[in-house]
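Single-structure report; data block below.
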Amino acid sequence: MKDLLLEILGWLGYLERPAVLAQLLLVVVVIMGSHQARKRRLIQHWPREAYPVLGFTILAIVGLTLTAIGRPFGLALLLGLLWLGWFSLQLLHHLLLVWLPEKPAHQLESRLLRPGYLLAASVILISEVDSIQDLAVAPLGELFGVSINAGKLVEALVVIYVVLVGCGPPAAGLAWVAQRAVGMSDGSRKAMELMLRYTVVGLGLVVVAVQLGLNTTALIAVAGGLSVGLGFGIKEVFSNFVSGLWLLFEGSVRPGEVLMLDGDPCEVRRLGLRATLLWRDRDNAELLVPNQTFFTEAATTFTASDRMRRSQVNVGAAYHHDPTEVIALLEATALSVSRVLPHPPPKALLMSYGDSAINYVLRFWIANPLDNSSISSEVNQAIWHAFKDQNIEIPFPQQVEYSMVWPPEQHQSNTGRP
Amino acid sequence: MMSPLITVMAKPERSRARPDRRRGLLLSLVCSLGLTGCAGGFELPNLLYLATSANSDQEINAELISDFRERLHSVVVGYRQLHPATRFQFGIYPDAVIVDAMRRRNRAGLGPDLMFVNGETAKQLVDQGLADPFPLTPSLEHLFNPADLQRMRTDSGALAGLPILIQTQVACFNRRRLPDPPDTLEDLLRASARGHSIGFSIELRSLFWTAGSAGSFEAIQRATAGKPLEPKQMESIETWLAWLQNASNQQRVTFYASQTSALQEFSAGRLDWIPCSSVSLPGLRKRLGDDLGVASLPSGPGGPPTPVNRLRVLALGRSSSRASRERALSFSRFNVNPLVQRSLTLGSQTVLPANRFVKVPVQSSQALQAISASEIAGQRMAQIAGLLHDKDPRLESTQSLINALVFGEVSPKAAAKDLVRLTSKQP
C-alpha cells in the first residue's frame, strides 16, 4: 500500500518538466476560456454546444504546430479529448431521451456511462505516466489469507458496481418476458424482477469472492461471527432485509399493491433492502416504512386477491320521506356515477333513526382503491342533486335554547303552557 | 458583533456572491502559492523515472516487482551516498509493448528518464527517435568489450544504450529427481528414456541453443546472410530438426507453448530439467530451494550450444528535463563502476557484468559458472544477431515452421528446405 501511494505521489515529479507544465497550462486556459465564452455567448448565433468543440479545435491547432516543431503535445491532446468526450456525454443524454424515458435515461447516464467514462479516462491517464500492468499487481495487503493487489481490488469493485447498478434493466426485461409468457400480474412481475436482481447480486458477490481467491472456510467462519454480530449490532437492518425477502416471496407487499396506512390508501412503489417505499395519493407523499412493520403488524390491503374496493357514503333524510323511496333513489343515484361499478350492484341501507334525520348508508364498488375519495365525492354530489330533484330534505340538527328557572317546578315552556 | 452577520445574511443574491467567492478563492490560492514560493518550502521531488522491460518468459507479478525493487534498492543505496535525496520510480512493461508505450509517453512529454531494456529494444527505441543515443566518453568506452559496444551501435553509429548486464540461457534441473544433469543432447534423451521429465518451450528463442549443439549453427548463419548452402550444411540443419522432432516424440519430453508454462511446471516439481533464462533463477530458488540445480546447456556432436543471451542496457529517455538528464547520466555511469557491477553479479548470481574488468568468481558458484559458460558459448550468436533483429518477419515464419515440425506435421527433410528458403529471404 505504501509503495503504491509513493508511486502515485511520484507522478508529481513530472511537473518538473517544462513541456508538461506548458501542456497543462494550455489545457486549463482553453477549457476555462471556452467555458467563459460559452457562458457569455461571445459569438451570438452559435449554439452553446459549439464552444467546447471550438476550444478543442484551438487546442488541436496549437498541438499540430507544437508537434511540427518537435515539441511534445500528447498530454494536452489527450486531456482535450477526454474533456470533449465528457462534454459529448451531455449530447448523448439528448440522444438517449429519444429511446428511453427520462428516468431510465438519467439513471443509465449517471450510474453507468459517466462512472464508466471516468474509470476509462483514469486508466488512460495513468497509462501515460506509468505501467498499468505493473501498478495492477502492486500488493495492498491480505484478506483472509489471500493477498490482494490493486488490480484485483479495482476489478472486484468494478464487477460489484456493475452488477449492482447494471442488473436492473436485464432483470426487468426477463421479468417482462416471463409476464408475457405465463400471464402473471404486474405485482408478480415486479416481485420477480426484484428477486432476479437479488439473485444476480448474490451470485455476483460470490463470483467476486471466488475470483479474488478468498478462502471459503474463512468466509464461512466470518459469516458465523457476523451472524452473532447481526444478532446484537445490526439486527434491525438484518431484520428489515429478511422481512423484505419474506414479504416478497409471500407476495403480500409487492410493488403496485395498495395498503392502508394510518387510514390512507397507499400504493407500494418499491420494496427495498431495508424499507418499503409507499406513495400516498392524498398529498403525493412518499413514505419509507421499514419492512419489518409489515412483517410484524397487521396491515389492510385492497389488492390481495383483486383490486376492487367497496366504498360507502353516509347520508340523512328527513323523517317524513318514505325510506323505501329513499333507498331506491340512493341506489339509482350511485349507478348514475360512471366510476361506480354496476356489479356488484350498489346497496343502500337504513342504518338508524337519528336525532334529526333517518340515517342511510350507500355502499358501492369501485375498481381502483386509490380513487375512493374522488368517487365518494362524486357520489355525494350526485345524491345532493338527486335529493333536490325529488324534494327530499337533508335535515340538519336543530336545537332550541331557553332559560331555566329555579326551582324547576316554576319552569314554563316557551308557549307559556305548563 | 451581530451586525456583520446580519449584513451578510441580508444579501440573498447568489449570482453576485458566487463569482466573488470564486475570485476570492483564486486570489487566496495564488497568494498561498506565492508565499510558499517565497518561503522556499515547496519543492518538487528529486525523481528519476525508470522504465524496464520484462522478457516474454517473465510474468509481471508482485514477485517480479519485488525482485526488481530489491535489486534497484541495492544499487540506489550506494548511489544515494553520492546523490542524496534522489528517488526512483519505475514501471515494468512487457518487452513486446514497451516501444509503443514509450512512443505514447514521449508524445505526451511523460517519457521516463532511463529505460532498462534489451539491447535490441534499445536500438529500436533510438532508431524510432524514442531514446537519445548515449554519449560515450573514451574512459567509459574502455570499460566494455568492443563486441558488446558494436552490438549496441545503430546503423548511424550511435550507441543505443549503455551495457549494464548480460542475461544468459542455462539449464535448470531438479537435484532431488535428477542428480546428474545431462552434458550432451544424447544424454538428455537418455535421461528422458530413464523416466525423467524434460520440458522445452516451443519458442524459437528458447530452442535455438540446440542448433549449435546439433552442428547446424554455421549453416543457419549462412542461410540468414542469404548465402548458398553446401549439401553437408543442408544435412546439418536436417539433423538438428530431426533431433527436435525425435525429442518431441519421446514420452517424457514435453514442448510447452511458452517458456512461462515450462517454468511453472518445473517450479511445481513436475519437470526434472528445462532450459531457462538466468533471470528466472531467483523465483525458482524461492520455490525449489536447494533442489534447484543450474548447469550449462548440453553440447552435442556439432559442438557447444548456441544460447540466446541478452545484453541489458540503459537507454536515455527523450522527455527528461535538463536536471533529470544529468541525474540519468550520472546514475548510468554509477551502474557500470566495478564495485556496483560486482555487487550486482554476486548479489543475484543470475547475471554477468557488462564491465569487462569485473571478474566473476566462477569457482565459488556453480550457477555463475554455468552462466559464464553460457555467455562464452553465446558469443557466436552475435554474428547472427547482427543479421536478425527482434521484429524480423523471418523469425515469425520460422517459428510457424518449428511448430509444424514439433507437432509432426512436416518431415525434418522438408522442414530443412523450408527453413533455408524462409531464412534466406531477405526482408
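Note on naming: chains are A, B, ... as they come in the C-alpha cells, residues start from 1 per chain, ligands start from 1 in the order shown.
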- Message: Residues within 10 Å of range 91-105 of chain B, please, as a PyMOL selection string. Count only C-alpha atoms; anything in the same chain fewer than 6 positions from it doesn't count.
- Response: (chain A and resi 7+72+74-75+127-135) or (chain B and resi 49-61+64-65+68+111-112+115-118+121-122+124-125+128-131+317-319+390-391)
Compile the contact shell of range 193-206 of chain B as a short mmCIF file (atom, residue, chain, number, x, y, z; two decimals) with all heavy atoms, in the first residue's frame: residues with an atom at most 6 Å away, counting only C-alpha atoms, same-chain residues fewer than 4 positions apart removed.
```
data_model
loop_
_atom_site.label_atom_id
_atom_site.label_comp_id
_atom_site.auth_asym_id
_atom_site.auth_seq_id
_atom_site.Cartn_x
_atom_site.Cartn_y
_atom_site.Cartn_z
N ARG B 252 8.57 -38.74 -22.42
CA ARG B 252 8.82 -37.89 -21.25
C ARG B 252 9.32 -36.49 -21.63
O ARG B 252 9.79 -35.76 -20.76
CB ARG B 252 9.86 -38.54 -20.32
CG ARG B 252 9.42 -39.85 -19.74
CD ARG B 252 8.58 -39.59 -18.53
NE ARG B 252 8.13 -40.83 -17.92
CZ ARG B 252 7.51 -40.89 -16.77
NH1 ARG B 252 7.24 -39.78 -16.12
NH2 ARG B 252 7.11 -42.02 -16.28
N VAL B 253 9.27 -36.17 -22.90
CA VAL B 253 9.69 -34.83 -23.32
C VAL B 253 8.44 -34.06 -23.73
O VAL B 253 7.66 -34.54 -24.54
CB VAL B 253 10.70 -34.89 -24.48
CG1 VAL B 253 11.07 -33.49 -24.95
CG2 VAL B 253 11.96 -35.64 -24.06
N THR B 254 8.28 -32.89 -23.13
CA THR B 254 7.09 -32.07 -23.45
C THR B 254 7.52 -30.72 -23.98
O THR B 254 8.42 -30.07 -23.42
CB THR B 254 6.24 -31.87 -22.18
OG1 THR B 254 6.07 -33.13 -21.55
CG2 THR B 254 4.88 -31.29 -22.51
N PHE B 255 6.87 -30.32 -25.05
CA PHE B 255 7.09 -28.97 -25.60
C PHE B 255 5.92 -28.10 -25.16
O PHE B 255 4.77 -28.44 -25.43
CB PHE B 255 7.17 -29.03 -27.13
CG PHE B 255 8.51 -29.49 -27.63
CD1 PHE B 255 8.85 -30.83 -27.63
CD2 PHE B 255 9.43 -28.57 -28.10
CE1 PHE B 255 10.09 -31.25 -28.09
CE2 PHE B 255 10.67 -28.98 -28.57
CZ PHE B 255 11.00 -30.32 -28.55
N TYR B 256 6.23 -27.01 -24.48
CA TYR B 256 5.18 -26.10 -23.99
C TYR B 256 5.04 -24.90 -24.92
O TYR B 256 6.00 -24.52 -25.61
CB TYR B 256 5.51 -25.62 -22.58
CG TYR B 256 5.44 -26.75 -21.57
CD1 TYR B 256 6.57 -27.51 -21.29
CD2 TYR B 256 4.25 -27.08 -20.94
CE1 TYR B 256 6.51 -28.57 -20.39
CE2 TYR B 256 4.18 -28.14 -20.05
CZ TYR B 256 5.32 -28.87 -19.78
OH TYR B 256 5.25 -29.92 -18.90
N ALA B 257 3.86 -24.32 -24.89
CA ALA B 257 3.59 -23.19 -25.80
C ALA B 257 4.45 -21.98 -25.46
O ALA B 257 4.77 -21.17 -26.33
CB ALA B 257 2.12 -22.81 -25.73
N SER B 258 4.81 -21.84 -24.20
CA SER B 258 5.64 -20.69 -23.83
C SER B 258 6.64 -21.10 -22.75
O SER B 258 6.43 -22.10 -22.05
CB SER B 258 4.77 -19.55 -23.29
OG SER B 258 4.17 -19.96 -22.09
N GLN B 259 7.66 -20.29 -22.61
CA GLN B 259 8.66 -20.55 -21.58
C GLN B 259 8.04 -20.40 -20.19
O GLN B 259 8.41 -21.11 -19.26
CB GLN B 259 9.84 -19.58 -21.76
CG GLN B 259 10.96 -19.71 -20.76
CD GLN B 259 11.74 -21.03 -20.87
OE1 GLN B 259 11.67 -21.73 -21.88
NE2 GLN B 259 12.45 -21.38 -19.82
N LEU B 271 8.57 -31.22 -13.60
CA LEU B 271 9.61 -31.44 -14.62
C LEU B 271 10.96 -31.55 -13.92
O LEU B 271 11.20 -30.94 -12.88
CB LEU B 271 9.63 -30.26 -15.61
CG LEU B 271 8.46 -30.12 -16.58
CD1 LEU B 271 8.59 -28.84 -17.39
CD2 LEU B 271 8.37 -31.32 -17.50
N ASP B 272 11.85 -32.34 -14.55
CA ASP B 272 13.17 -32.53 -13.93
C ASP B 272 14.23 -31.63 -14.55
O ASP B 272 15.24 -31.33 -13.92
CB ASP B 272 13.61 -34.00 -14.11
CG ASP B 272 12.62 -34.95 -13.46
OD1 ASP B 272 11.77 -34.46 -12.69
OD2 ASP B 272 12.68 -36.16 -13.74
N TRP B 273 14.01 -31.25 -15.80
CA TRP B 273 15.05 -30.48 -16.49
C TRP B 273 14.39 -29.56 -17.51
O TRP B 273 13.51 -29.98 -18.26
CB TRP B 273 15.98 -31.45 -17.22
CG TRP B 273 17.20 -30.84 -17.86
CD1 TRP B 273 18.44 -30.79 -17.34
CD2 TRP B 273 17.26 -30.22 -19.16
NE1 TRP B 273 19.30 -30.16 -18.21
CE2 TRP B 273 18.60 -29.80 -19.35
CE3 TRP B 273 16.35 -29.96 -20.16
CZ2 TRP B 273 19.03 -29.16 -20.49
CZ3 TRP B 273 16.78 -29.32 -21.32
CH2 TRP B 273 18.12 -28.92 -21.48
N ILE B 274 14.81 -28.30 -17.54
CA ILE B 274 14.36 -27.36 -18.59
C ILE B 274 15.49 -26.38 -18.91
O ILE B 274 16.33 -26.10 -18.05
CB ILE B 274 13.11 -26.53 -18.18
CG1 ILE B 274 13.36 -25.71 -16.91
CG2 ILE B 274 11.86 -27.37 -18.04
CD1 ILE B 274 12.33 -24.61 -16.68
N GLN B 399 9.22 -19.63 -36.80
CA GLN B 399 8.52 -20.15 -35.62
C GLN B 399 7.36 -21.06 -36.04
O GLN B 399 7.17 -22.14 -35.49
CB GLN B 399 8.00 -18.98 -34.78
CG GLN B 399 7.25 -19.38 -33.52
CD GLN B 399 8.15 -20.06 -32.50
OE1 GLN B 399 9.05 -19.43 -31.97
NE2 GLN B 399 7.92 -21.33 -32.24
#
```
- Task: Considering only C-alpha atoms, extract the chain A residues located within 12 Å of chain B and return them as a PyMOL selection string.
- Result: chain A and resi 3-24+63-64+66-67+70-79+124-141+147-151
- Message: Report, in Å to a single decimal, how far apart CA of Thr423 in chain B and CA of Leu405 in chain B are.
- Response: 15.9 Å
- Running DSSP on the backbone, which parts of range 136-374 of chain A land in alpha helix (DSSP H), as number ranges by chain? A: 136, 150-166, 168-182, 186-212, 216-232, 235-250, 291-296, 323-336, 372-374
- Check the smallest atom-to-atom distance from each of B:Pro275, B:Gln167, B:Pro301, B:Ser296 to Leu207 in chain B using only C-alpha atoms, then report the winner. B:Pro275
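Residue nearest Arg222 in chain B, chosen from B:Ile237, B:Ser365, B:Phe208, B:Gly289 and counting only C-alpha atoms: B:Ile237.
Between CA of Gly119 in chain B and CA of Gln349 in chain B the separation is 20.7 Å.
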- Which residues come within 12 Å of Gln90 in chain A, counting only C-alpha atoms, excluding same-chain residues fewer than 2 positions away, as a ChimeraX atom specification? /A:48-49,52,83-88,92-97,105-106,109-110,113-114
- Message: Show me, as a PyMOL selection string, the residues that have an atom within 12 Å of Ser377 in chain A when counting only C-alpha atoms, minus same-chain residues fewer than 6 positions from it.
- Response: chain A and resi 311-314+334+337+339-340+371+383-384
- Message: As an exercise, work out the distance from CA of Arg197 in chain A to CA of Pro170 in chain A in Å and give it to one decimal place.
- Response: 8.9 Å
- Message: Neighbouring residues of range 190-193 of chain A were defined as those with any atom within 8 Å, considering only C-alpha atoms; residues of the same chain fewer than 2 positions away were excluded. Please report them as a ChimeraX atom specification.
- Response: /A:168,171-172,174-175,186-188,195-197,248-249,251,254-255
- Query: Which polymer residues have any atom within 10 Å of an atom of Phe144 in chain A, counting only C-alpha atoms, with same-chain residues fewer than 4 positions away left out, as number ranges by chain?
  - Reply: A: 148, 213-219, 222
Output of the above residues as a CSV table (one decimal), in the first residue's frame, restricted to all heavy atoms:
```
chain,number,residue,atom,x,y,z
A,148,ILE,N,-4.2,-9.4,-1.7
A,148,ILE,CA,-5.0,-8.6,-2.6
A,148,ILE,C,-4.1,-7.5,-3.2
A,148,ILE,O,-3.4,-6.8,-2.5
A,148,ILE,CB,-6.1,-7.9,-1.8
A,148,ILE,CG1,-7.0,-8.9,-1.1
A,148,ILE,CG2,-7.0,-7.0,-2.7
A,148,ILE,CD1,-7.8,-9.8,-1.9
A,213,GLY,N,-10.1,-15.3,-4.9
A,213,GLY,CA,-9.4,-16.4,-4.3
A,213,GLY,C,-9.6,-16.5,-2.8
A,213,GLY,O,-8.8,-17.1,-2.1
A,214,LEU,N,-10.7,-15.9,-2.3
A,214,LEU,CA,-10.9,-15.9,-0.9
A,214,LEU,C,-11.2,-17.3,-0.4
A,214,LEU,O,-11.9,-18.1,-1.1
A,214,LEU,CB,-12.1,-15.0,-0.5
A,214,LEU,CG,-11.9,-13.5,-0.8
A,214,LEU,CD1,-13.1,-12.7,-0.3
A,214,LEU,CD2,-10.7,-13.0,-0.2
A,215,ASN,N,-10.7,-17.6,0.7
A,215,ASN,CA,-10.8,-19.0,1.3
A,215,ASN,C,-12.3,-19.1,1.8
A,215,ASN,O,-12.8,-18.4,2.6
A,215,ASN,CB,-9.8,-19.0,2.5
A,215,ASN,CG,-9.8,-20.4,3.1
A,215,ASN,OD1,-10.6,-21.3,2.7
A,215,ASN,ND2,-8.9,-20.6,3.9
A,216,THR,N,-13.0,-20.2,1.2
A,216,THR,CA,-14.4,-20.3,1.6
A,216,THR,C,-14.5,-20.7,3.1
A,216,THR,O,-15.5,-20.3,3.7
A,216,THR,CB,-15.0,-21.4,0.7
A,216,THR,OG1,-14.1,-22.5,0.7
A,216,THR,CG2,-15.3,-21.0,-0.7
A,217,THR,N,-13.6,-21.4,3.6
A,217,THR,CA,-13.7,-21.8,5.0
A,217,THR,C,-13.6,-20.5,5.9
A,217,THR,O,-14.4,-20.3,6.8
A,217,THR,CB,-12.5,-22.7,5.4
A,217,THR,OG1,-12.4,-23.7,4.4
A,217,THR,CG2,-12.7,-23.4,6.8
A,218,ALA,N,-12.7,-19.6,5.5
A,218,ALA,CA,-12.6,-18.4,6.2
A,218,ALA,C,-13.9,-17.6,6.1
A,218,ALA,O,-14.3,-16.9,7.1
A,218,ALA,CB,-11.4,-17.6,5.7
A,219,LEU,N,-14.4,-17.6,4.9
A,219,LEU,CA,-15.7,-16.8,4.7
A,219,LEU,C,-16.8,-17.4,5.6
A,219,LEU,O,-17.6,-16.6,6.1
A,219,LEU,CB,-16.1,-16.9,3.2
A,219,LEU,CG,-15.4,-16.0,2.3
A,219,LEU,CD1,-15.9,-16.2,0.8
A,219,LEU,CD2,-15.6,-14.5,2.6
A,222,VAL,N,-16.2,-16.3,9.0
A,222,VAL,CA,-16.6,-14.9,9.2
A,222,VAL,C,-18.1,-14.7,9.2
A,222,VAL,O,-18.7,-14.0,10.0
A,222,VAL,CB,-16.0,-14.0,8.0
A,222,VAL,CG1,-16.6,-12.6,8.0
A,222,VAL,CG2,-14.5,-14.0,8.2
```
Would you mind writing down, as a PDB file with N, CA, C and O atoms, in the first residue's frame, each residue of range 118-181 of chain A that DSSP on the backbone assigns to strand (DSSP E or B)?
```
ATOM      1  N   PRO A 139       0.933  -5.010  -4.406  1.00  0.00           N
ATOM      2  CA  PRO A 139       0.194  -5.628  -3.290  1.00  0.00           C
ATOM      3  C   PRO A 139      -0.383  -4.584  -2.340  1.00  0.00           C
ATOM      4  O   PRO A 139       0.260  -3.581  -2.045  1.00  0.00           O
ATOM      5  N   LEU A 140      -1.607  -4.828  -1.881  1.00  0.00           N
ATOM      6  CA  LEU A 140      -2.260  -3.895  -0.958  1.00  0.00           C
ATOM      7  C   LEU A 140      -2.371  -4.466   0.445  1.00  0.00           C
ATOM      8  O   LEU A 140      -2.552  -3.748   1.409  1.00  0.00           O
ATOM      9  N   GLY A 141      -2.331  -5.759   0.539  1.00  0.00           N
ATOM     10  CA  GLY A 141      -2.462  -6.384   1.860  1.00  0.00           C
ATOM     11  C   GLY A 141      -3.089  -7.751   1.723  1.00  0.00           C
ATOM     12  O   GLY A 141      -3.177  -8.293   0.609  1.00  0.00           O
ATOM     13  N   GLU A 142      -3.503  -8.292   2.845  1.00  0.00           N
ATOM     14  CA  GLU A 142      -4.079  -9.639   2.829  1.00  0.00           C
ATOM     15  C   GLU A 142      -5.502  -9.618   3.341  1.00  0.00           C
ATOM     16  O   GLU A 142      -5.842  -8.837   4.232  1.00  0.00           O
ATOM     17  N   LEU A 143      -6.339 -10.462   2.764  1.00  0.00           N
ATOM     18  CA  LEU A 143      -7.725 -10.600   3.210  1.00  0.00           C
ATOM     19  C   LEU A 143      -8.007 -12.088   3.333  1.00  0.00           C
ATOM     20  O   LEU A 143      -7.958 -12.817   2.335  1.00  0.00           O
ATOM     21  N   VAL A 146      -5.485 -14.258   1.757  1.00  0.00           N
ATOM     22  CA  VAL A 146      -5.250 -14.111   0.314  1.00  0.00           C
ATOM     23  C   VAL A 146      -4.693 -12.713   0.062  1.00  0.00           C
ATOM     24  O   VAL A 146      -5.246 -11.729   0.561  1.00  0.00           O
ATOM     25  N   SER A 147      -3.576 -12.666  -0.676  1.00  0.00           N
ATOM     26  CA  SER A 147      -3.004 -11.339  -0.927  1.00  0.00           C
ATOM     27  C   SER A 147      -3.841 -10.628  -1.993  1.00  0.00           C
ATOM     28  O   SER A 147      -4.184 -11.208  -3.027  1.00  0.00           O
ATOM     29  N   ILE A 148      -4.156  -9.388  -1.692  1.00  0.00           N
ATOM     30  CA  ILE A 148      -4.988  -8.581  -2.600  1.00  0.00           C
ATOM     31  C   ILE A 148      -4.097  -7.522  -3.230  1.00  0.00           C
ATOM     32  O   ILE A 148      -3.365  -6.834  -2.524  1.00  0.00           O
ATOM     33  N   ASN A 149      -4.158  -7.435  -4.548  1.00  0.00           N
ATOM     34  CA  ASN A 149      -3.404  -6.371  -5.201  1.00  0.00           C
ATOM     35  C   ASN A 149      -4.358  -5.339  -5.796  1.00  0.00           C
ATOM     36  O   ASN A 149      -5.585  -5.542  -5.807  1.00  0.00           O
TER      37      ASN A 149
END
```
- Item | Close residues, Arg342 in chain B itself excluded, 7 Å, only C-alpha atoms, min 3 positions apart in chain, as a list in words | Pro338, Leu339, Thr345, Leu346, Pro353 and Val358 of chain B
